[in-house]
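Here's query.cif, which has mmCIF, C-alpha atoms:
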data_my_file
#
loop_
_atom_site.label_atom_id
_atom_site.label_comp_id
_atom_site.auth_asym_id
_atom_site.auth_seq_id
_atom_site.Cartn_x
_atom_site.Cartn_y
_atom_site.Cartn_z
CA MET K 9 0.00 0.00 0.00
CA LYS K 10 1.27 3.46 -0.85
CA LYS K 11 0.78 6.67 1.05
CA VAL K 12 1.78 10.25 0.24
CA LEU K 13 3.15 12.82 2.66
CA ALA K 14 1.74 16.31 3.01
CA PRO K 15 3.88 18.61 0.81
CA VAL K 16 6.39 21.25 1.83
CA ILE K 17 4.72 24.35 0.42
CA HIS K 18 6.34 27.38 -1.22
CA HIS K 19 4.77 30.23 0.76
CA ASP K 20 4.54 33.77 -0.62
CA LEU K 21 6.46 34.98 2.43
CA TYR K 22 9.57 33.20 1.15
CA THR K 23 9.48 35.07 -2.16
CA ASN K 24 8.66 38.40 -0.53
CA THR K 25 11.52 38.14 1.96
CA ILE K 26 14.10 37.29 -0.71
CA GLN K 27 12.77 40.16 -2.85
CA LYS K 28 13.43 42.60 0.01
CA ASP K 29 17.02 41.35 0.08
CA ILE K 30 17.42 41.92 -3.67
CA ILE K 31 15.45 45.07 -4.47
CA GLY K 32 17.56 47.24 -2.18
CA TYR K 33 20.44 46.83 -4.64
CA PHE K 34 18.40 48.34 -7.48
CA GLU K 35 17.06 51.14 -5.32
CA GLU K 36 20.51 52.09 -4.04
CA VAL K 37 22.43 51.76 -7.31
CA LEU K 38 19.88 52.95 -9.87
CA ILE K 39 16.69 54.55 -8.56
CA ALA K 40 17.90 56.59 -5.56
CA PRO K 41 20.71 58.43 -7.46
CA ILE K 42 18.26 59.41 -10.22
CA GLU K 43 15.62 60.65 -7.79
CA GLU K 44 18.25 62.55 -5.82
CA LEU K 45 19.49 64.23 -9.00
CA LEU K 46 15.96 65.31 -9.92
CA SER K 47 15.22 66.57 -6.41
CA GLU K 48 18.32 68.79 -6.52
CA ARG K 49 17.04 70.59 -9.62
CA LYS K 50 14.68 73.54 -9.33
CA LEU K 51 11.49 71.95 -10.54
CA ASN K 52 9.07 74.27 -8.74
CA SER K 53 7.98 77.85 -9.31
CA THR K 54 6.94 80.26 -6.59
CA ASP K 55 4.43 81.98 -8.89
CA GLY K 56 1.71 79.34 -8.47
CA GLY K 57 -0.99 78.40 -10.98
CA LEU K 58 -0.18 77.59 -14.59
CA LYS K 59 3.43 78.81 -14.49
CA SER K 60 4.15 76.63 -11.47
CA ALA K 61 2.58 73.60 -13.19
CA LEU K 62 4.68 74.23 -16.30
CA ILE K 63 7.94 74.34 -14.34
CA ALA K 64 6.97 71.26 -12.31
CA GLY K 65 6.23 69.39 -15.55
CA THR K 66 2.65 68.42 -14.69
CA VAL K 67 1.45 70.66 -17.54
CA TRP K 68 3.29 71.32 -20.81
CA TYR K 69 2.72 73.10 -24.10
CA ALA K 70 3.17 71.22 -27.38
CA ASP K 71 1.60 71.31 -30.86
CA GLY K 72 -0.54 74.35 -30.11
CA ALA K 73 -2.09 73.06 -26.91
CA PHE K 74 -1.58 72.74 -23.16
CA ARG K 75 -1.60 69.12 -22.02
CA GLY K 76 -1.09 67.31 -18.75
CA THR K 77 -2.95 67.18 -15.46
CA PHE K 78 -5.48 69.97 -14.88
CA ASN K 79 -7.39 70.93 -11.76
CA SER K 80 -10.28 73.41 -11.67
CA GLU K 81 -7.97 76.37 -10.96
CA LEU K 82 -5.72 75.64 -13.94
CA SER K 83 -8.73 75.03 -16.19
CA ARG K 84 -10.26 78.40 -15.28
CA GLU K 85 -6.93 80.16 -15.84
CA LEU K 86 -6.56 78.63 -19.29
CA VAL K 87 -10.14 79.52 -20.27
CA ARG K 88 -9.60 83.12 -19.14
CA MET K 89 -6.48 83.12 -21.32
CA GLY K 90 -8.65 82.19 -24.32
CA ALA K 91 -7.77 78.49 -24.58
CA LYS K 92 -10.47 76.14 -25.91
CA HIS K 93 -10.93 72.84 -24.09
CA ARG K 94 -10.96 69.70 -26.26
CA ALA K 95 -12.47 66.86 -24.22
CA ARG K 96 -11.42 64.11 -26.64
CA SER K 97 -7.72 64.96 -26.35
CA SER K 98 -7.93 66.37 -22.81
CA ALA K 99 -6.10 69.48 -24.00
CA PHE K 100 -6.55 73.26 -24.02
CA VAL K 101 -5.90 74.59 -27.52
CA ILE K 102 -4.42 78.06 -28.07
CA GLU K 103 -1.89 79.57 -30.46
CA LEU K 104 1.46 80.33 -28.85
CA SER K 105 1.23 83.94 -30.03
CA ALA K 106 -1.96 84.34 -27.97
CA VAL K 107 -0.33 83.09 -24.78
CA PRO K 108 0.69 85.90 -22.37
CA LEU K 109 4.40 86.70 -22.42
CA ASP K 110 5.09 85.64 -18.83
CA VAL K 111 3.45 82.26 -19.46
CA ARG K 112 5.43 81.88 -22.68
CA GLN K 113 8.60 82.46 -20.69
CA SER K 114 7.55 79.68 -18.32
CA ILE K 115 6.97 77.39 -21.33
CA TYR K 116 10.51 78.05 -22.59
CA GLN K 117 11.91 77.66 -19.09
CA ALA K 118 10.06 74.37 -18.64
CA LYS K 119 11.44 73.01 -21.92
CA ASP K 120 14.95 74.03 -20.92
CA THR K 121 14.49 72.46 -17.48
CA ALA K 122 13.21 69.20 -18.97
CA SER K 123 16.01 69.10 -21.53
CA LYS K 124 18.67 69.59 -18.87
CA ALA K 125 17.04 67.05 -16.55
CA ILE K 126 16.93 64.41 -19.28
CA ALA K 127 20.56 65.11 -20.19
CA GLY K 128 21.60 64.95 -16.56
CA VAL K 129 19.84 61.63 -15.93
CA SER K 130 21.26 60.22 -19.18
CA ALA K 131 24.80 61.09 -18.11
CA LEU K 132 24.22 59.59 -14.67
CA VAL K 133 22.87 56.32 -16.08
CA LEU K 134 25.82 56.11 -18.48
CA LEU K 135 28.21 56.52 -15.54
CA MET K 136 26.38 53.88 -13.51
CA ARG K 137 26.50 51.44 -16.42
CA SER K 138 30.29 51.58 -16.42
CA ASN K 139 30.45 50.64 -12.73
CA VAL K 140 28.10 47.65 -12.57
CA ASP K 141 30.53 44.85 -13.41
CA ASP K 142 33.27 46.05 -11.06
CA SER K 143 31.03 46.77 -8.07
CA GLU K 144 29.72 44.39 -5.40
CA THR K 145 25.96 44.04 -5.22
CA GLY K 146 25.81 43.84 -1.44
CA ILE K 147 23.14 41.15 -1.86
CA ASP K 148 23.19 38.30 0.66
CA ILE K 149 20.12 36.06 0.82
CA LYS K 150 21.80 33.35 2.93
CA PRO K 151 20.17 34.45 6.22
CA THR K 152 16.79 34.36 4.48
CA GLU K 153 17.58 30.96 2.96
CA LYS K 154 18.29 29.62 6.45
CA LEU K 155 14.92 30.88 7.69
CA ILE K 156 13.19 29.24 4.71
CA LEU K 157 14.96 25.93 5.27
CA ASP K 158 14.14 25.95 8.98
CA ALA K 159 10.46 26.55 8.19
CA ALA K 160 10.46 23.91 5.43
CA ASN K 161 12.12 21.38 7.68
CA GLY K 162 9.49 22.01 10.33
CA GLU K 163 6.74 21.31 7.78
CA PHE K 164 8.52 18.18 6.62
CA ASN K 165 8.89 16.73 10.12
CA ARG K 166 5.25 17.46 10.93
CA ALA K 167 4.26 15.54 7.80
CA MET K 168 6.51 12.63 8.83
CA GLN K 169 5.02 12.54 12.33
CA ASP K 170 1.52 12.47 10.83
CA PHE K 171 2.67 9.34 9.00
CA ASP K 172 4.46 7.80 12.00
CA ILE K 173 4.03 9.49 15.39
CA ARG K 174 7.03 7.57 16.78
CA ARG K 175 9.45 9.00 14.24
CA ASN K 176 12.09 11.37 15.58
CA PRO K 177 12.56 14.70 13.76
CA ILE K 178 15.45 14.86 11.30
CA GLY K 179 17.56 17.90 10.51
CA ILE K 180 18.31 19.83 7.35
CA PRO K 181 20.56 17.86 4.97
CA SER K 182 24.16 19.07 5.21
CA GLU K 183 24.33 19.37 1.40
CA MET K 184 21.81 22.20 1.55
CA GLN K 185 24.50 24.60 2.77
CA GLY K 186 26.40 24.31 -0.52
CA ILE K 187 23.19 24.54 -2.53
CA ALA K 188 22.14 27.68 -0.64
CA ASP K 189 25.56 29.24 -1.34
CA GLU K 190 25.21 28.46 -5.06
CA ILE K 191 21.74 30.03 -5.21
CA ASN K 192 23.04 33.10 -3.38
CA GLU K 193 25.84 33.56 -5.91
CA ALA K 194 23.44 32.95 -8.81
CA ILE K 195 21.13 35.68 -7.46
CA LYS K 196 24.03 38.15 -7.41
CA GLU K 197 24.90 37.40 -11.04
CA ASP K 198 21.25 37.52 -12.07
CA ALA K 199 20.82 40.88 -10.33
CA LYS K 200 23.80 42.32 -12.21
CA ARG K 201 22.39 41.03 -15.51
CA VAL K 202 19.00 42.60 -14.83
CA MET K 203 20.69 45.84 -13.73
CA ARG K 204 22.66 46.03 -16.99
CA GLU K 205 19.54 45.36 -19.05
CA GLU K 206 17.49 47.98 -17.19
CA GLN K 207 20.25 50.59 -17.49
CA GLU K 208 20.60 49.93 -21.22
CA ARG K 209 16.85 50.19 -21.73
CA LEU K 210 16.69 53.38 -19.68
CA SER K 211 19.50 54.89 -21.76
CA ARG K 212 17.58 54.16 -24.98
CA GLU K 213 14.36 55.63 -23.57
CA LEU K 214 16.15 58.77 -22.37
CA ALA K 215 17.72 59.24 -25.80
CA GLU K 216 14.24 59.06 -27.35
CA LEU K 217 12.94 61.64 -24.86
CA ALA K 218 15.81 63.97 -25.70
CA ALA K 219 15.17 63.62 -29.45
CA GLU K 220 11.48 64.43 -28.93
CA ASN K 221 12.12 67.42 -26.62
CA ALA K 222 9.84 65.60 -24.18
CA PRO K 223 8.40 67.40 -21.14
CA LEU K 224 9.51 66.72 -17.59
CA GLU K 225 6.39 64.66 -16.97
CA ALA K 226 7.54 62.16 -19.62
CA LEU K 227 10.88 61.80 -17.83
CA LYS K 228 9.15 61.16 -14.51
CA LYS K 229 6.85 58.60 -16.13
CA THR K 230 9.85 56.82 -17.66
CA ILE K 231 11.51 56.54 -14.25
CA GLU K 232 8.29 55.26 -12.67
CA GLU K 233 7.91 52.60 -15.38
CA ALA K 234 11.51 51.49 -14.76
CA LYS K 235 10.72 51.13 -11.04
CA LYS K 236 7.65 49.00 -11.83
CA ARG K 237 9.69 46.73 -14.11
CA ILE K 238 12.32 46.28 -11.42
CA VAL K 239 9.68 45.28 -8.88
CA THR K 240 8.27 42.70 -11.31
CA ARG K 241 11.66 41.31 -12.30
CA THR K 242 12.99 41.04 -8.75
CA SER K 243 9.78 39.26 -7.78
CA THR K 244 10.39 36.71 -10.56
CA MET K 245 14.02 36.25 -9.50
CA SER K 246 12.99 35.77 -5.87
CA GLU K 247 10.24 33.31 -6.76
CA HIS K 248 12.67 31.16 -8.72
CA ALA K 249 15.38 31.28 -6.02
CA ALA K 250 12.95 30.18 -3.30
CA ALA K 251 11.47 27.47 -5.55
CA LEU K 252 14.92 26.05 -6.35
CA LEU K 253 15.90 26.02 -2.68
CA LEU K 254 12.73 24.17 -1.69
CA SER K 255 12.94 21.78 -4.62
CA GLU K 256 16.47 20.76 -3.66
CA PHE K 257 15.43 20.42 -0.01
CA ARG K 258 12.53 18.10 -0.89
CA ARG K 259 14.75 15.99 -3.16
CA LYS K 260 17.50 15.64 -0.56
CA GLN K 261 15.06 14.64 2.15
CA ALA K 262 13.51 12.07 -0.18
CA GLN K 263 16.97 10.63 -0.88
CA ARG K 264 17.75 10.38 2.83
CA LEU K 265 14.55 8.39 3.39
CA GLY K 266 15.04 6.22 0.31
CA LEU K 267 11.89 7.49 -1.42
CA PRO K 268 12.48 7.29 -5.19
CA SER K 269 9.12 8.64 -6.37
CA TYR K 270 6.54 11.34 -5.82
CA ILE K 271 3.10 12.42 -7.03
CA TRP K 272 3.10 15.65 -9.07
CA LYS K 273 0.70 18.19 -7.58
CA THR K 274 -0.18 21.60 -9.01
CA MET K 275 -1.74 24.60 -7.26
CA ARG K 276 -4.91 23.91 -9.31
CA ASP K 277 -5.55 27.54 -10.21
CA ASN K 278 -5.59 29.54 -13.44
CA ARG K 279 -1.86 30.29 -13.17
CA VAL K 280 -0.90 26.63 -13.70
CA ARG K 281 0.66 26.16 -17.13
CA HIS K 282 -0.97 23.63 -19.48
CA ASP K 283 1.89 21.11 -19.52
CA HIS K 284 2.04 21.05 -15.71
CA ARG K 285 -1.72 20.56 -15.49
CA LEU K 286 -1.27 17.40 -17.57
CA LEU K 287 1.19 16.10 -14.96
CA GLU K 288 -1.29 16.50 -12.09
CA GLY K 289 -1.57 13.23 -10.13
CA GLN K 290 1.15 11.37 -12.04
CA GLU K 291 3.74 9.35 -10.13
CA CYS K 292 7.24 10.42 -11.19
CA GLN K 293 10.79 9.38 -10.37
CA TRP K 294 13.30 11.85 -8.91
CA SER K 295 16.01 10.25 -11.04
CA ASN K 296 13.97 10.59 -14.23
CA PRO K 297 12.00 13.88 -14.12
CA PRO K 298 9.00 14.18 -16.45
CA ILE K 299 8.81 16.49 -19.44
CA GLU K 300 7.45 19.72 -17.99
CA ASN K 301 7.65 21.66 -21.28
CA ARG K 302 6.42 19.73 -24.28
CA ARG K 303 7.57 22.38 -26.75
CA THR K 304 11.23 22.24 -25.68
CA GLY K 305 11.28 18.75 -24.22
CA HIS K 306 12.71 20.11 -20.95
CA ARG K 307 12.54 17.76 -17.97
CA ALA K 308 12.27 18.94 -14.37
CA ASN K 309 10.97 18.01 -10.95
CA PRO K 310 8.32 20.24 -9.32
CA GLY K 311 9.63 23.74 -8.53
CA GLU K 312 12.74 23.49 -10.71
CA ALA K 313 11.39 25.25 -13.82
CA PRO K 314 11.17 29.07 -13.67
CA ASN K 315 8.02 30.23 -11.84
CA CYS K 316 6.87 26.66 -11.19
CA ARG K 317 4.78 26.47 -8.00
CA CYS K 318 4.04 22.74 -8.22
CA VAL K 319 4.99 20.45 -5.34
CA PRO K 320 5.93 16.76 -5.01
CA LEU K 321 3.92 14.49 -2.71
CA LEU K 322 6.49 11.98 -1.46
CA VAL K 323 5.35 8.39 -1.91
CA ILE K 324 5.91 5.92 0.95
CA ASN K 325 5.31 2.20 0.50
CA THR K 326 3.73 1.21 3.81
CA ASN K 327 4.41 -2.49 3.14
CA GLU K 328 8.16 -1.93 3.40
#

Encoded form using C-alpha cells:
Amino acid sequence: MKKVLAPVIHHDLYTNTIQKDIIGYFEEVLIAPIEELLSERKLNSTDGGLKSALIAGTVWYADGAFRGTFNSELSRELVRMGAKHRARSSAFVIELSAVPLDVRQSIYQAKDTASKAIAGVSALVLLMRSNVDDSETGIDIKPTEKLILDAANGEFNRAMQDFDIRRNPIGIPSEMQGIADEINEAIKEDAKRVMREEQERLSRELAELAAENAPLEALKKTIEEAKKRIVTRTSTMSEHAAALLLSEFRRKQAQRLGLPSYIWKTMRDNRVRHDHRLLEGQECQWSNPPIENRRTGHRANPGEAPNCRCVPLLVINTNE
C-alpha cells in the first residue's frame, strides 16, 4: 500500500523576503541616485498656478495646446487666457502667439528644465552602467535561505510525524549549505544582468525623450515605469530562487529516506501552465523527471522550472 506525505509548500512569504534582500540593490544603485538628482534641480515655481505647473512638468505646451494634469484652478486660468478645451484629447488649444508673455517664458523655461534634466539623468545612467561589473551588489540572501529551510524542515517533520508518530525529527541535509551558497551567488549574477539590461533600456528611452524634446512629466513617467519593471523582475528572481531552494530540499530529504518517487501536484488555479496541469496526479521518479515543457522537451521536478509552483507528494510504500 502506498501513502503520500503532506507537501512542503512554497509560501509567498519566502518570495517576498528574498525580494526585500534583492530590491535594495536596485534602489541604491539605480533609482535613488536618479531621484536625488531630480530633487536637486529647481522643478518648482513660486508663482503658483499655470506657471508653477509648467515648471513642475505636470502641464506642458506642445503642438498648439496645453496638455497634462489639470485641476479646476488651472482650467479656469486657461479659459480666461482664451484656450479652448478639447475633451477628446484632454487638451486646451491656443496659439502660442496668444499666450501671455510671462506664461510663454515659463513654457521656454520648462522646456529648458526638462532638456537639462533628461541630459543629466542620461549622463548619470551612463556613468552607472560603467560601474556595474566592477562593483559588489551587497546582496546576501543566505540568512533568508536559512529561515526558509528551517520553516520547510518544520513542515517536513510534521508531515513525517503524521505518518508515524514515533518518528524522531530529522535535521536539514548538510548538502543544503552548498546549494544555498550556489543560489546566493546565482542571485548576485542575475541581479547584475537585470541591472545592466534595465540601465541599457533606460539609456535608450532617455535618448528618445531627448530627441522628442519631451516634457519633464515624460521623464518622470519613464523613471516610474523602470521602477515598476524592477519590482516585477525582482519578484520573478525571488520566486525562482525560493522554488529552487525548496525543490532541492525536498529531493535531498527524499533521498535520505530512500523514497524514489513522488506524485506531481499543481496549485490547481488559473496560473498553472498547461503542460504542468497534464502532470497533475502522475507518479514520477526523482532520477527521471518528467517532461514539464512539451515544446522544448525540458525535464524537471516540481519547482525546478522558472516560476513553477508545483509540489511533489512523497510516496511511501507502507508495506516496506

At a cut-off of 12 Å from (24.3, 45.9, -17.8) in the coordinates of the file, what residues are picked up using all atoms listed in the file, written as a PyMOL selection string?
chain K and resi 38+133-143+197-211

Have a look at K:Ser255, K:Cys318, K:Val12, K:Lys228 and name the one nearest to Asp283 (chain K); count all atoms listed in the file.
K:Cys318

Closest atom pairs, region 205-273 of chain K residues within 7 Å of region 177-191 of chain K, all atoms listed in the file, as a tab-separated table:
residue	atom	partner	partner_atom	distance
K:Ala249	CA	K:Ile191	CA	6.5
K:Leu253	CA	K:Ala188	CA	6.8
K:Phe257	CA	K:Met184	CA	6.8
K:Lys260	CA	K:Pro181	CA	6.7
K:Gln261	CA	K:Pro181	CA	7.0

My list of candidates is K:Leu45, K:Ala262, K:Val67, K:Ala40. Which is closest to Ser114 (chain K) when distances are computed with only C-alpha atoms?
K:Val67

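You will find CA of Asp158 (chain K) at 17.8 Å from CA of Glu247 (chain K).
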
Would you mind reading off the distance between CA of Met89 (chain K) and CA of Glu225 (chain K), one decimal, in Å?
22.9 Å

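The space between CA of Arg317 (chain K) and CA of Glu256 (chain K) spans 13.7 Å.
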
May I have the centre and edge lengths, in Å to one decimal, of an axis-aligned box around the listed atoms of region 299-307 of chain K with 8 Å added to every side, as AutoDock Vina command-line options?
--center_x 9.6 --center_y 19.4 --center_z -22.4 --size_x 22.3 --size_y 21.9 --size_z 24.8

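Here the question is which of K:Trp68, K:Ala14, K:Asp20, K:Ile42 gets nearest to Asn221 (chain K) using only C-alpha atoms, and that residue is K:Trp68.
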
Which residues are near Gly72 (chain K)? Cut-off 6 Å, all atoms listed in the file, ignore same chain within fewer than 3 positions. Put them as a PyMOL selection string.
chain K and resi 101-103

Might you pull out every residue within 9 Å of Asn325 (chain K), with all atoms listed in the file counted and same-chain residues fewer than 6 positions away left off, and present them as a ChimeraX atom specification?
/K:9-12,267

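Minimum distance to Asp172 (chain K) across K:Ala160, K:Met275, K:Ala226, K:Ile324 (counting only C-alpha atoms) occurs at K:Ile324.
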
When you look at region 287-289 of chain K with a cut-off of 6 Å (counting only C-alpha atoms), what residues show up, excluding the ones that are within fewer than 4 positions of it in the same chain? I need them as an mmCIF file with C-alpha atoms, in the frame of the given file.
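File written: part-v4.cif
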data_model
loop_
_atom_site.group_PDB
_atom_site.id
_atom_site.type_symbol
_atom_site.label_atom_id
_atom_site.label_comp_id
_atom_site.auth_asym_id
_atom_site.auth_seq_id
_atom_site.Cartn_x
_atom_site.Cartn_y
_atom_site.Cartn_z
ATOM 1 C CA ILE K 271 3.100 12.420 -7.030
ATOM 2 C CA TRP K 272 3.100 15.650 -9.070
ATOM 3 C CA LYS K 273 0.700 18.190 -7.580
#

Can you work out which one of K:Ile39, K:Ile156, K:Leu13, K:Ala131 has the shortest atom-to-atom distance to Tyr270 (chain K), counting all atoms listed in the file?
K:Leu13
